[in-house]
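Comments concern the structure below.
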Amino acid sequence: MILVLEKGITQQKKSQLKSILAEQGCMVHEPGGSGQNILGVIGKNSLTREFLIAQEGVADVVPISTAYKLVSRQMKKEDTIIKIGNVEVGGNKITIIAGPCAIESREQAMIIAKEVKKYGATLFRGGAFKPRSSPYSFQGLEEEGLKILAEVREVTGLRVVTEITSPMHADLMMKYVDVIQIGARNMQNFELLKCAGRMGKPVVLKRGLASTIEEWLMSAEYIAAEGNTNIILCERGIRTFEPYTRNTLDLSAIPVLKQLTHLPVLIDPSHATGIREKVAPMSRAAIAAGADGLMIEVHHKPEEALSDGPQSLYPKQFGRLIRDIYVIAPVVGKQLIHDYTGYSAASPGSLSAESGKSREGKRVVYLGEQGTFSHKAAMQYFSSDVENYPVPSFRDIFENVKSDAAAFGIIPIENSLAGSIHENYDLLLEYELFITGELSLRVVHNLIAHQGVKIEDVKQILAPPPAFQQCRRFLDANPDMKIVPVNATGSAVKRISESGNMEDAAIGSVEAAELFCMTVLEEAIEDNPRNFTRFVVIEKQMAQEGIKNKSSIVFSTSNKPGSLFEVMKVFSENQINLVKLESRPIHGKPWQYMFYADLETDLTDSSASTDNVIKAIEQNTEFFKILGSYNCGNKRTE
Ligand code: PEP
Ligand code: MN
């Protein structure tokens with residue numbers, strides 16, 4: 001049962017209610033995160049609705065109709081986000097777990113861990129206790145394997161995942177690893193499930209070889225019933241009559257689970273297909289279908305692997321796949337992030353860097369109100385313990401970062417339909433702040449209004465100018481609607497919500513409509529569905545660690561023939577790919593221009609060749625500034 005509590009119920013009344021329920025032998029659960037004040041109550045001898053509704057502080061009683069309770073979506077509407085060090089699994093983020101089937105040696109584990117980290121994995125996997133079909137096959141290095149996993153974590157900063165095959169190994173697992181995996185063969189080993197629940201560590205629960213989704217969720221319930229809801233479901237293929245692949249990957253489980261449970265869902269295409277060539281296509285499909293991430297087997301010498309070599313990707317293949325995932329994720333509203341600020345949910349960071357970087361009080365400022373695309377970008381880029389804070393203008397974002405009121409700013413810089421956001425280019429030049437990361441967000445615009453408003457009633461539409469530019473065709477088709485510019489989509493939706501005016505509509509995201517209790521009158525009104533906005537993260541310091549494969553610069557040249565060509569020649573001679581070039585007028589100097597360029601290179605590494613490039617650019621420019629070198633996940637790392 002779900003108890004909906006009275007608004008404003010005091011903490012004391014809530015505690016009293018909880019102890020009454022405990023006396024009745026009930027398990028009481030607070031799902032948390034939800035705006036509503038609710039309690040989940042599970043009793044062995046089901047209590048009557050009459051009894052529950054009669055209790056002080058209870059406003060309503062809603063039964064949970066499924067056999068599983070704690071893991072059901074009815075118990076908790078919001079997605080569960082599981083924190084493993086800096087890494088968050090679930091929500092809008094894509095998590096990649098990668099590594100060999102089994103830990104075979106220290107050297108093998110280290111080589112593979114470094115490779116998969118380079119390409120974007122944030123958790124490292126490797127079996128130490130291997131459940132093999134044959135007792136004569138390699139069974140794993142056991143405790144030695146766990147020690148190697150702990151060492152991998154020390155060296156790479158990647159948190160580690162391994163399979164537990166018996167409750168007897170619980171103490172060892174507690175000592176060495178961050179996440180435990182319950183394998184397909186053990187999905188209904190109830191003693192092991194209970195043990196995993198008691199251990200309290202995050203659990204990857206694989207689907208059994210011949211288990212229904214309901215049986216799988218009941219197994220998750222076993223873990224949750226012990227007080228541990230940090231459960232990641234992992235579909236890894238089921239037994240069917242089809243022999244061409246090792247198992248049959250049930251991708252339809254993703255949308256089914258998304259409806260039934262709040263737990264994150266990963267896909268393991270390696271065990272599902274058993275064939276290296278099939279891993280990438282199924283991974284891409286999994287992300288498109290809404291999975292929260294992937295678990296992939298990778299080996300640097302798969303032909304010599306002691307188990308599952310034929311399904312293991314070579315590191316470079318893995319890298320290519322992750323590039324595709326980076327591109328696909330925003331289409332379905334998710335994000336795979338390579339961030340080296342150390343504050344992203346996907347940033348593994350080194351353990352020492354992590355402890356050195358206190359997240360407490362760290363803040364990212366964004367434009368507008370909650371529910372703007374900037375807000376979404378901030379939430380997707382940073383982990384949930386970085387506080388999001390809205391400000392009314394782009395200049396305010398720069399001012400807040402400059403004055404240390406916020407550690408980070410996030411600003412839109414370019415839209416694929418409407419072009420550059422020039423104000424931000426000018427501000428980047430004006431302020432001594434640096435670009436440290438970027439992300440691309442798919443922007444789906446909706447016409448939003450009050451419940452009951454019909455499209456023909458709408459007299460004016462509120463939105464920021466870029467949104468009008470992106471929805472030109474819709475506006476041309478509705479010439480009677482007056483356009484009213486505001487600073488951000490979230491602000492537009494908030495304003496019509498507060499005014500209560502039934503003739504007003506706003507352009508904004510589905511999230512903004514939900515946030516301000518409005519409805520979507522017309523979905524997807526942007527001119528072209530390939531509508532992406534690129535955001536950049538700004539900070540006071542340049543990005544320090546990690547891969548930086550993109551640099552943004554600004555420069556001016558002298559007013560003589562071929563001066564821009566001379567700068568381009570530096571890029572050409574040094575094999576540096578130019579991905580963007582844009583000119584902006586120099587304020588106060590009519591008809592003179594600054595050039596903004598994005599290059600596929602790191603201009604902050606301390607190599608001699610980079611030094612020469614910088615010197616050559618300086619020699620050919622009158623003004624030159626590096627706006628930042630940062631990681632763009634979609635760039636080659638080799
Ligand atoms: C594994 O991930 O190494 C494994 C054995 O998986 P499954 O339990 O899905 O077969
Ligand atoms: Mn395996």
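Residue numbering restarts at 1 for every chain of the structure tokens, chains are lettered A, B, ... in their displayed order, and ligands are numbered from 1 as they appear.
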**Study point:** Selection: 8 Å around Phe398 in chain A, only C-alpha atoms, excl. self and same-chain fewer than 4 positions, as an MDAnalysis selection string
**Key:** chainID A and resid 394 402 409 427 431 433
Write out as a PDB file with N, CA, C and O atoms, in the first residue's frame the residues lying within 8 Å of Ala288 in chain A, counting only C-alpha atoms and excluding same-chain residues fewer than 2 positions away.
```pdb
ATOM      1  N   ARG A 284      23.793  -0.050 -30.036  1.00  0.00           N
ATOM      2  CA  ARG A 284      23.173   1.184 -30.553  1.00  0.00           C
ATOM      3  C   ARG A 284      21.658   1.112 -30.409  1.00  0.00           C
ATOM      4  O   ARG A 284      21.003   2.075 -30.013  1.00  0.00           O
ATOM      5  N   ALA A 285      21.113  -0.076 -30.712  1.00  0.00           N
ATOM      6  CA  ALA A 285      19.657  -0.241 -30.609  1.00  0.00           C
ATOM      7  C   ALA A 285      19.206  -0.094 -29.156  1.00  0.00           C
ATOM      8  O   ALA A 285      18.149   0.486 -28.875  1.00  0.00           O
ATOM      9  N   ALA A 286      20.016  -0.608 -28.234  1.00  0.00           N
ATOM     10  CA  ALA A 286      19.645  -0.556 -26.819  1.00  0.00           C
ATOM     11  C   ALA A 286      19.532   0.887 -26.334  1.00  0.00           C
ATOM     12  O   ALA A 286      18.591   1.253 -25.627  1.00  0.00           O
ATOM     13  N   GLY A 290      16.139   3.278 -25.083  1.00  0.00           N
ATOM     14  CA  GLY A 290      15.963   3.908 -23.770  1.00  0.00           C
ATOM     15  C   GLY A 290      16.760   3.286 -22.630  1.00  0.00           C
ATOM     16  O   GLY A 290      16.503   3.592 -21.463  1.00  0.00           O
ATOM     17  N   ALA A 291      17.729   2.411 -22.949  1.00  0.00           N
ATOM     18  CA  ALA A 291      18.546   1.827 -21.878  1.00  0.00           C
ATOM     19  C   ALA A 291      19.355   2.926 -21.186  1.00  0.00           C
ATOM     20  O   ALA A 291      19.687   3.945 -21.794  1.00  0.00           O
ATOM     21  N   ILE A 328      24.074   9.027 -30.453  1.00  0.00           N
ATOM     22  CA  ILE A 328      22.674   8.555 -30.372  1.00  0.00           C
ATOM     23  C   ILE A 328      21.983   9.058 -29.100  1.00  0.00           C
ATOM     24  O   ILE A 328      20.818   9.436 -29.120  1.00  0.00           O
ATOM     25  N   ALA A 329      22.719   9.078 -27.991  1.00  0.00           N
ATOM     26  CA  ALA A 329      22.094   9.364 -26.694  1.00  0.00           C
ATOM     27  C   ALA A 329      21.232  10.643 -26.691  1.00  0.00           C
ATOM     28  O   ALA A 329      20.078  10.598 -26.242  1.00  0.00           O
ATOM     29  N   VAL A 331      19.551  12.015 -28.947  1.00  0.00           N
ATOM     30  CA  VAL A 331      18.313  11.855 -29.727  1.00  0.00           C
ATOM     31  C   VAL A 331      17.182  11.387 -28.815  1.00  0.00           C
ATOM     32  O   VAL A 331      16.032  11.770 -28.980  1.00  0.00           O
ATOM     33  N   VAL A 332      17.518  10.557 -27.832  1.00  0.00           N
ATOM     34  CA  VAL A 332      16.489  10.070 -26.912  1.00  0.00           C
ATOM     35  C   VAL A 332      16.566  10.789 -25.555  1.00  0.00           C
ATOM     36  O   VAL A 332      16.124  10.266 -24.534  1.00  0.00           O
TER      37      VAL A 332
END
```
Exercise for review: Using DSSP on the backbone coordinates, identify the residues of range 141-233 of chain A assigned to helix (DSSP H, G or I); present them as a PyMOL selection string.
Suggested key: chain A and resi 143-156+167-176+184-186+190-199+213-225
Practice item. Could I get the residue neighbourhood of ligand 2 at 8 Å, counting only C-alpha atoms and all ligand atoms, as a ChimeraX atom specification? Key: /A:100-102,127,270-271,297,307-308
Each residue of chain A with at least one atom at most 8 Å from ligand 1 should appear once, together with its nearest atom pair and the corresponding distance in Å (one decimal); atoms considered: only C-alpha atoms and all ligand atoms; ordering: chain, then increasing residue number; output as CSV.
```
residue,atom,partner,partner_atom_place_in_ligand_line,distance
A:Cys101,CA,ligand 1,3 (O),4.9
A:Ala102,CA,ligand 1,3 (O),6.9
A:Gly126,CA,ligand 1,3 (O),7.0
A:Gly127,CA,ligand 1,3 (O),5.9
A:Lys130,CA,ligand 1,5 (C),6.7
A:Pro131,CA,ligand 1,5 (C),6.4
A:Arg132,CA,ligand 1,5 (C),7.7
A:Glu163,CA,ligand 1,3 (O),7.1
A:Gln181,CA,ligand 1,2 (O),7.7
A:Ile182,CA,ligand 1,8 (O),6.9
A:Gly183,CA,ligand 1,8 (O),3.3
A:Ala184,CA,ligand 1,8 (O),3.7
A:Arg185,CA,ligand 1,8 (O),5.8
A:Asn186,CA,ligand 1,8 (O),7.6
A:Lys206,CA,ligand 1,9 (O),5.6
A:Arg207,CA,ligand 1,9 (O),7.1
A:Gly208,CA,ligand 1,9 (O),7.6
A:Leu209,CA,ligand 1,9 (O),7.9
A:Glu235,CA,ligand 1,9 (O),7.8
A:Arg236,CA,ligand 1,9 (O),5.2
A:Gly237,CA,ligand 1,9 (O),7.7
A:Asp268,CA,ligand 1,9 (O),7.5
A:His271,CA,ligand 1,9 (O),5.9
A:Ala272,CA,ligand 1,9 (O),7.8
```
Exercise for review: Compare A:Ile287, A:Leu313, A:Thr165, A:Ile20 by their minimum atom-to-atom distance to Glu115 in chain A, counting only C-alpha atoms, and give me the closest one.
Suggested key: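 Ranking A:Ile287, A:Leu313, A:Thr165, A:Ile20 by distance to Glu115 in chain A, first place goes to A:Leu313.
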Exercise for review: Identify, with DSSP run on backbone atoms, the residues in range 431-571 of chain A assigned to strand (DSSP E or B), and express the list as a PyMOL selection string.
Suggested key: chain A and resi 434-442+446-449+460-463+482-485+504-508+519-522+532-539+550-556
Study note, to complete from the structure: Between CA of Met542 in chain A and CA of Phe555 in chain A lies a distance of 18.1 Å
Neighbouring residues of range 564-577 of chain A were defined as those with any atom within 8 Å, considering only C-alpha atoms; residues of the same chain fewer than 6 positions away were excluded. Please report them as a compact mmCIF listing (two decimals) with all heavy atoms, in the first residue's frame.
```txt
# COMPACT_ATOMS: atom_id res chain seq x y z
N THR A 557 43.36 39.28 -37.05
CA THR A 557 44.54 39.33 -37.92
C THR A 557 44.69 40.77 -38.42
O THR A 557 43.76 41.58 -38.32
CB THR A 557 44.37 38.40 -39.13
OG1 THR A 557 43.17 38.78 -39.80
CG2 THR A 557 44.28 36.95 -38.72
N LEU A 599 39.11 23.79 -32.90
CA LEU A 599 40.12 22.92 -33.51
C LEU A 599 40.10 21.56 -32.82
O LEU A 599 39.92 21.49 -31.61
CB LEU A 599 41.52 23.53 -33.32
CG LEU A 599 41.69 25.00 -33.70
CD1 LEU A 599 42.99 25.53 -33.13
CD2 LEU A 599 41.68 25.14 -35.22
N GLU A 600 40.36 20.52 -33.60
CA GLU A 600 40.44 19.19 -32.99
C GLU A 600 41.85 18.93 -32.50
O GLU A 600 42.62 18.18 -33.11
CB GLU A 600 40.02 18.11 -34.00
CG GLU A 600 38.52 18.00 -34.13
CD GLU A 600 38.10 16.83 -35.01
OE1 GLU A 600 38.91 16.33 -35.80
OE2 GLU A 600 36.94 16.44 -34.89
N THR A 601 42.21 19.59 -31.44
CA THR A 601 43.53 19.39 -30.83
C THR A 601 43.53 19.94 -29.41
O THR A 601 42.65 20.70 -29.04
CB THR A 601 44.62 20.12 -31.67
OG1 THR A 601 45.89 19.73 -31.19
CG2 THR A 601 44.50 21.63 -31.58
N VAL A 613 53.01 25.36 -32.56
CA VAL A 613 51.73 25.77 -33.16
C VAL A 613 51.31 27.11 -32.56
O VAL A 613 50.96 28.05 -33.28
CB VAL A 613 50.64 24.69 -32.93
CG1 VAL A 613 49.26 25.22 -33.31
CG2 VAL A 613 50.96 23.42 -33.70
N ALA A 616 53.45 29.91 -33.81
CA ALA A 616 53.12 30.23 -35.21
C ALA A 616 51.81 31.02 -35.31
O ALA A 616 51.70 31.95 -36.11
CB ALA A 616 53.05 28.94 -36.02
N ILE A 617 50.83 30.65 -34.48
CA ILE A 617 49.56 31.40 -34.52
C ILE A 617 49.83 32.84 -34.04
O ILE A 617 49.39 33.81 -34.65
CB ILE A 617 48.46 30.75 -33.63
CG1 ILE A 617 48.16 29.31 -34.09
CG2 ILE A 617 47.17 31.58 -33.68
CD1 ILE A 617 47.20 28.54 -33.17
N ASN A 620 51.21 35.19 -36.50
CA ASN A 620 50.34 35.56 -37.62
C ASN A 620 49.05 36.26 -37.18
O ASN A 620 48.14 36.42 -37.98
CB ASN A 620 50.00 34.32 -38.45
CG ASN A 620 51.20 33.84 -39.23
OD1 ASN A 620 51.61 34.47 -40.20
ND2 ASN A 620 51.80 32.75 -38.78
N THR A 621 48.98 36.63 -35.90
CA THR A 621 47.75 37.29 -35.43
C THR A 621 48.11 38.55 -34.64
O THR A 621 49.23 38.70 -34.15
CB THR A 621 46.97 36.35 -34.48
OG1 THR A 621 47.86 35.87 -33.46
CG2 THR A 621 46.36 35.18 -35.21
```
Check your understanding: Do you have the CA of Cys632 in chain A-CA of Ser551 in chain A distance handy?
Key ->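 Calculated distance between CA of Cys632 in chain A and CA of Ser551 in chain A is 9.4 Å.
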Exercise for review: Skip Arg125 in chain A itself and residues of its chain fewer than 5 positions away, then list as a list of chain:residue names all residues within 8 Å of it, counting only C-alpha atoms.
Suggested key: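 In the requested form, the answer reads A:Ile97, A:Ala98, A:Gly99, A:Pro100, A:Cys101, A:Val160, A:Val161, A:Thr162.
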Mind dumping the selected residues with N, CA, C and O atoms as a short mmCIF file (atom, residue, chain, number, x, y, z; two decimals), in the first residue's frame?
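Wrote it out as result.cif, contents follow:
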```
data_model
loop_
_atom_site.label_atom_id
_atom_site.label_comp_id
_atom_site.auth_asym_id
_atom_site.auth_seq_id
_atom_site.Cartn_x
_atom_site.Cartn_y
_atom_site.Cartn_z
N ILE A 97 29.76 0.25 -18.55
CA ILE A 97 30.59 -0.67 -17.77
C ILE A 97 31.33 -1.52 -18.79
O ILE A 97 30.71 -2.08 -19.68
N ALA A 98 32.64 -1.59 -18.67
CA ALA A 98 33.38 -2.40 -19.65
C ALA A 98 34.57 -3.06 -18.99
O ALA A 98 35.07 -2.60 -17.96
N GLY A 99 35.02 -4.15 -19.62
CA GLY A 99 36.17 -4.88 -19.10
C GLY A 99 36.11 -6.31 -19.59
O GLY A 99 35.18 -6.69 -20.31
N PRO A 100 37.08 -7.10 -19.19
CA PRO A 100 37.11 -8.48 -19.67
C PRO A 100 36.04 -9.33 -18.99
O PRO A 100 35.52 -8.95 -17.94
N CYS A 101 35.79 -10.49 -19.58
CA CYS A 101 34.88 -11.44 -18.94
C CYS A 101 35.47 -11.78 -17.57
O CYS A 101 34.81 -11.63 -16.55
N VAL A 160 34.83 -0.56 -9.53
CA VAL A 160 34.88 -1.90 -10.10
C VAL A 160 33.65 -2.76 -9.75
O VAL A 160 33.09 -2.67 -8.66
N VAL A 161 33.29 -3.58 -10.72
CA VAL A 161 32.10 -4.45 -10.64
C VAL A 161 32.54 -5.89 -10.80
O VAL A 161 33.31 -6.19 -11.72
N THR A 162 32.06 -6.78 -9.93
CA THR A 162 32.38 -8.20 -10.12
C THR A 162 31.24 -9.07 -9.63
O THR A 162 30.41 -8.64 -8.83
#
```
Point to revise | range 70-73 of chain A surroundings by only C-alpha atoms, 9 Å radius, close-in-sequence under 5 positions cut, as an MDAnalysis selection string | key: chainID A and resid 29 31 40 42 64 78:79 217:218 220:221 224:225 229 231 258:263
Exercise for review: For Ser65 in chain A, work out the shell of residues within 9 Å, counting only C-alpha atoms and skipping chain neighbours fewer than 4 positions away, then give it as a list in words.
Suggested key: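 Near Ser65 in chain A, the qualifying residues are Met1, Lys69 and Gln74 of chain A.
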Export N, CA, C and O atoms of the chosen residues as a short mmCIF file (atom, residue, chain, number, x, y, z; two decimals), in the first residue's frame?
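Listed below is the output, part-v9.cif:
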```cif
data_model
loop_
_atom_site.label_atom_id
_atom_site.label_comp_id
_atom_site.auth_asym_id
_atom_site.auth_seq_id
_atom_site.Cartn_x
_atom_site.Cartn_y
_atom_site.Cartn_z
N MET A 1 0.85 -1.21 0.00
CA MET A 1 0.00 0.00 0.00
C MET A 1 0.88 1.25 0.00
O MET A 1 1.94 1.26 0.60
N LYS A 69 6.79 -4.69 -4.92
CA LYS A 69 6.28 -3.45 -4.34
C LYS A 69 7.34 -2.35 -4.36
O LYS A 69 7.18 -1.31 -4.98
N GLN A 74 4.92 2.26 -9.19
CA GLN A 74 3.83 2.82 -8.38
C GLN A 74 4.37 3.34 -7.04
O GLN A 74 3.89 4.32 -6.51
#
```
Point to revise | Shortest interatomic distance to Gly628 in chain A - which of A:Leu603, A:Ala196, A:Ile296, A:Ile112, counting only C-alpha atoms | key: A:Leu603
Practice item. Tell me which of A:Ile525, A:Glu399, A:Lys376, A:Asp60 sits closest to Leu447 in chain A, counting only C-alpha atoms. Key: A:Ile525
